[in-house]
Amino acid sequence: MSMKVGSRQVDGVTIVDCSGRITLGEGSVILRDTVRDLLSKGHKKIVLNLADVNYIDSSGIGELVSAYTTTKNQGGELKLLKLTKKVNDLLQITKLYTVFDVKDDEASAVKAFN
Amino acid sequence: MAMTEQRVSYTMDSSLETIDSAEEKATAIATELGFDDDEVMQISMAVREGAVNAVLHGNAYSPDKKVVLAFERTAENLVITIRDQGKGMDLSRIPNPLAPENLLKTSGRGIFLMRSFMDVVEIRPSESGTELKLIKRVHGTTAGGKEASQ
């Protein structure tokens, strides 16, 4: 299953609902294009909802890092929401859990920007 | 694809499709051998990362170069070999992705993940290509439909 994204606004924060796989190729490109598009339109408070992301590889991990640093470099902030166990485990063993601000529920994620 | 013959081998193109296909084959074989869900995920991800290295960094998507993927069931192990026809790699130049200065790099985690998920990872680079060997120990009694060695 390839990756799909949809975005919505909640109290000035853009929630990007991701589903499928973030892997080398299409999945990584879709995520990259989505974040760059949001930033170019001035949306700099971004939450990536990964609740329905069932698989991610090292390229996908790299893309999450890229999204995080790109957003930060443009004066924005990017948080992760609702990690599946697989994605959570990957962020733990790569020590990226210490880098990302990870939230378990949407209200907390939105509130954390204010 | 049955593993009753104990060893299967595939010669594949240097393409993104090969990476997905290698992962799917690994998932099917690991499942067939009786590994649990977590182990199947680990094996399939390690194979995917190995295939990424072979296709991208080894063969650089060259249509003239092939990737050879082999699965072998021994008495105690699942042994997976991935061979490319690239220029080899300098293992001393692979950075530690857990070092603070590397945490925010967007690449360089593939070999680390393979080592995290497999019992043994051997990388043999040469001028004619790199051979990667991934080994996962088989345990329990269901692997291959036979009793595992004690």
# chains A, B, ... in the order shown; residues from 1 in each chain; ligands from 1
>>> closest_atom_pairs(of="chain B", to="chain A", cutoff="12 Å", atoms="only C-alpha atoms", output="JSON lines")
{"residue": "B:Ser15", "atom": "CA", "partner": "A:Gly25", "partner_atom": "CA", "distance": 10.6}
{"residue": "B:Leu16", "atom": "CA", "partner": "A:Gly25", "partner_atom": "CA", "distance": 7.3}
{"residue": "B:Glu17", "atom": "CA", "partner": "A:Gly25", "partner_atom": "CA", "distance": 9.9}
{"residue": "B:Thr18", "atom": "CA", "partner": "A:Leu24", "partner_atom": "CA", "distance": 11.9}
{"residue": "B:Ile19", "atom": "CA", "partner": "A:Leu24", "partner_atom": "CA", "distance": 9.0}
{"residue": "B:Asp20", "atom": "CA", "partner": "A:Leu24", "partner_atom": "CA", "distance": 9.5}
{"residue": "B:Glu23", "atom": "CA", "partner": "A:Asp57", "partner_atom": "CA", "distance": 11.0}
{"residue": "B:Asp37", "atom": "CA", "partner": "A:Lys86", "partner_atom": "CA", "distance": 11.2}
{"residue": "B:Asp38", "atom": "CA", "partner": "A:Lys86", "partner_atom": "CA", "distance": 9.0}
{"residue": "B:Glu39", "atom": "CA", "partner": "A:Lys86", "partner_atom": "CA", "distance": 11.9}
{"residue": "B:Met41", "atom": "CA", "partner": "A:Lys86", "partner_atom": "CA", "distance": 8.9}
{"residue": "B:Gln42", "atom": "CA", "partner": "A:Lys86", "partner_atom": "CA", "distance": 10.0}
{"residue": "B:Ser44", "atom": "CA", "partner": "A:Asp57", "partner_atom": "CA", "distance": 10.4}
{"residue": "B:Met45", "atom": "CA", "partner": "A:Asp57", "partner_atom": "CA", "distance": 7.0}
{"residue": "B:Ala46", "atom": "CA", "partner": "A:Asp57", "partner_atom": "CA", "distance": 9.3}
{"residue": "B:Val47", "atom": "CA", "partner": "A:Asp57", "partner_atom": "CA", "distance": 10.8}
{"residue": "B:Arg48", "atom": "CA", "partner": "A:Asp57", "partner_atom": "CA", "distance": 8.0}
{"residue": "B:Glu49", "atom": "CA", "partner": "A:Ser58", "partner_atom": "CA", "distance": 7.2}
{"residue": "B:Gly50", "atom": "CA", "partner": "A:Ser58", "partner_atom": "CA", "distance": 10.8}
{"residue": "B:Ala51", "atom": "CA", "partner": "A:Leu24", "partner_atom": "CA", "distance": 11.1}
{"residue": "B:Val52", "atom": "CA", "partner": "A:Leu24", "partner_atom": "CA", "distance": 8.2}
{"residue": "B:Asn53", "atom": "CA", "partner": "A:Ser58", "partner_atom": "CA", "distance": 10.8}
{"residue": "B:Val55", "atom": "CA", "partner": "A:Leu24", "partner_atom": "CA", "distance": 11.5}
{"residue": "B:Leu56", "atom": "CA", "partner": "A:Leu24", "partner_atom": "CA", "distance": 10.4}
{"residue": "B:Asn96", "atom": "CA", "partner": "A:Thr94", "partner_atom": "CA", "distance": 10.3}
{"residue": "B:Pro97", "atom": "CA", "partner": "A:Thr94", "partner_atom": "CA", "distance": 7.3}
{"residue": "B:Leu98", "atom": "CA", "partner": "A:Thr94", "partner_atom": "CA", "distance": 6.3}
{"residue": "B:Ala99", "atom": "CA", "partner": "A:Lys95", "partner_atom": "CA", "distance": 9.3}
{"residue": "B:Pro100", "atom": "CA", "partner": "A:Lys95", "partner_atom": "CA", "distance": 9.3}
{"residue": "B:Asn102", "atom": "CA", "partner": "A:Thr94", "partner_atom": "CA", "distance": 10.6}
{"residue": "B:Leu103", "atom": "CA", "partner": "A:Leu96", "partner_atom": "CA", "distance": 6.9}
{"residue": "B:Leu104", "atom": "CA", "partner": "A:Val65", "partner_atom": "CA", "distance": 6.1}
{"residue": "B:Lys105", "atom": "CA", "partner": "A:Gly62", "partner_atom": "CA", "distance": 7.1}
{"residue": "B:Thr106", "atom": "CA", "partner": "A:Gly62", "partner_atom": "CA", "distance": 3.9}
{"residue": "B:Ser107", "atom": "CA", "partner": "A:Gly62", "partner_atom": "CA", "distance": 5.5}
{"residue": "B:Gly108", "atom": "CA", "partner": "A:Ser58", "partner_atom": "CA", "distance": 8.0}
{"residue": "B:Arg109", "atom": "CA", "partner": "A:Ser58", "partner_atom": "CA", "distance": 5.9}
{"residue": "B:Gly110", "atom": "CA", "partner": "A:Ser58", "partner_atom": "CA", "distance": 5.7}
{"residue": "B:Ile111", "atom": "CA", "partner": "A:Ser58", "partner_atom": "CA", "distance": 9.4}
{"residue": "B:Phe112", "atom": "CA", "partner": "A:Thr94", "partner_atom": "CA", "distance": 8.5}
{"residue": "B:Leu113", "atom": "CA", "partner": "A:Ser58", "partner_atom": "CA", "distance": 7.8}
{"residue": "B:Met114", "atom": "CA", "partner": "A:Ser58", "partner_atom": "CA", "distance": 10.2}
{"residue": "B:Arg115", "atom": "CA", "partner": "A:Ile93", "partner_atom": "CA", "distance": 11.2}
{"residue": "B:Ser116", "atom": "CA", "partner": "A:Ile93", "partner_atom": "CA", "distance": 8.1}
{"residue": "B:Phe117", "atom": "CA", "partner": "A:Ile93", "partner_atom": "CA", "distance": 10.4}
>>> write_last_selection(atoms="C-alpha atoms", output="CSV table (one decimal), in the first residue's frame")
chain,number,residue,atom,x,y,z
B,15,SER,CA,15.4,-0.9,-9.6
B,16,LEU,CA,13.0,0.3,-7.0
B,17,GLU,CA,10.7,-2.6,-7.8
B,18,THR,CA,13.5,-5.0,-6.8
B,19,ILE,CA,13.6,-3.4,-3.3
B,20,ASP,CA,9.9,-4.0,-2.8
B,23,GLU,CA,11.2,-7.3,1.0
B,37,ASP,CA,5.5,-11.4,13.6
B,38,ASP,CA,8.2,-9.2,15.1
B,39,GLU,CA,11.0,-11.3,13.7
B,41,MET,CA,9.2,-7.5,10.3
B,42,GLN,CA,12.9,-7.4,11.4
B,44,SER,CA,12.0,-8.1,5.9
B,45,MET,CA,13.2,-4.7,7.0
B,46,ALA,CA,16.8,-5.8,7.1
B,47,VAL,CA,16.5,-7.3,3.6
B,48,ARG,CA,14.8,-4.1,2.4
B,49,GLU,CA,17.7,-2.1,3.7
B,50,GLY,CA,20.2,-4.5,2.1
B,51,ALA,CA,18.4,-4.2,-1.2
B,52,VAL,CA,18.4,-0.4,-1.0
B,53,ASN,CA,22.1,-0.4,-0.5
B,55,VAL,CA,20.4,-1.0,-5.8
B,56,LEU,CA,21.3,2.6,-4.9
B,96,ASN,CA,27.7,6.1,13.7
B,97,PRO,CA,24.1,7.2,13.2
B,98,LEU,CA,23.6,7.4,17.0
B,99,ALA,CA,26.4,10.0,17.5
B,100,PRO,CA,24.9,13.4,18.5
B,102,ASN,CA,24.8,12.5,13.1
B,103,LEU,CA,21.3,12.3,14.7
B,104,LEU,CA,19.8,14.8,12.3
B,105,LYS,CA,21.4,13.4,9.1
B,106,THR,CA,18.8,12.2,6.6
B,107,SER,CA,20.7,9.0,5.6
B,108,GLY,CA,23.2,6.5,7.0
B,109,ARG,CA,20.9,4.3,9.1
B,110,GLY,CA,20.5,1.3,6.9
B,111,ILE,CA,23.4,-0.8,8.1
B,112,PHE,CA,22.7,0.2,11.7
B,113,LEU,CA,19.1,-1.1,11.3
B,114,MET,CA,20.3,-4.3,9.8
B,115,ARG,CA,22.7,-4.9,12.7
B,116,SER,CA,19.9,-4.1,15.1
B,117,PHE,CA,17.5,-6.6,13.6
>>> select_by_dssp(residues="stretch 56-140 of chain B", states="helix (DSSP H, G or I)", output="ChimeraX atom specification")
/B:56-58,91-93,100-102,110-117
>>> atom_distance(atom1="atom CA of B:Glu72", atom2="atom CA of B:Val8")
6.6 Å
>>> atom_distance(atom1="atom CA of A:Leu81", atom2="atom CA of A:Val53")
10.9 Å
>>> closest_residue(among="B:Ala30, B:Met89, B:Leu78, B:Met12", to="B:Glu127", atoms="only C-alpha atoms")
B:Met89
>>> atom_distance(atom1="atom CA of A:Glu77", atom2="atom CA of A:Lys45")
5.2 Å
>>> select_by_dssp(residues="chain A", states="strand (DSSP E or B)", output="PyMOL selection string")
chain A and resi 4-10+13-22+45-56+77-81+101-103
>>> closest_residue(among="A:Leu83, A:Ile15, A:Val5, A:Leu91", to="A:Lys44", atoms="only C-alpha atoms")
A:Ile15
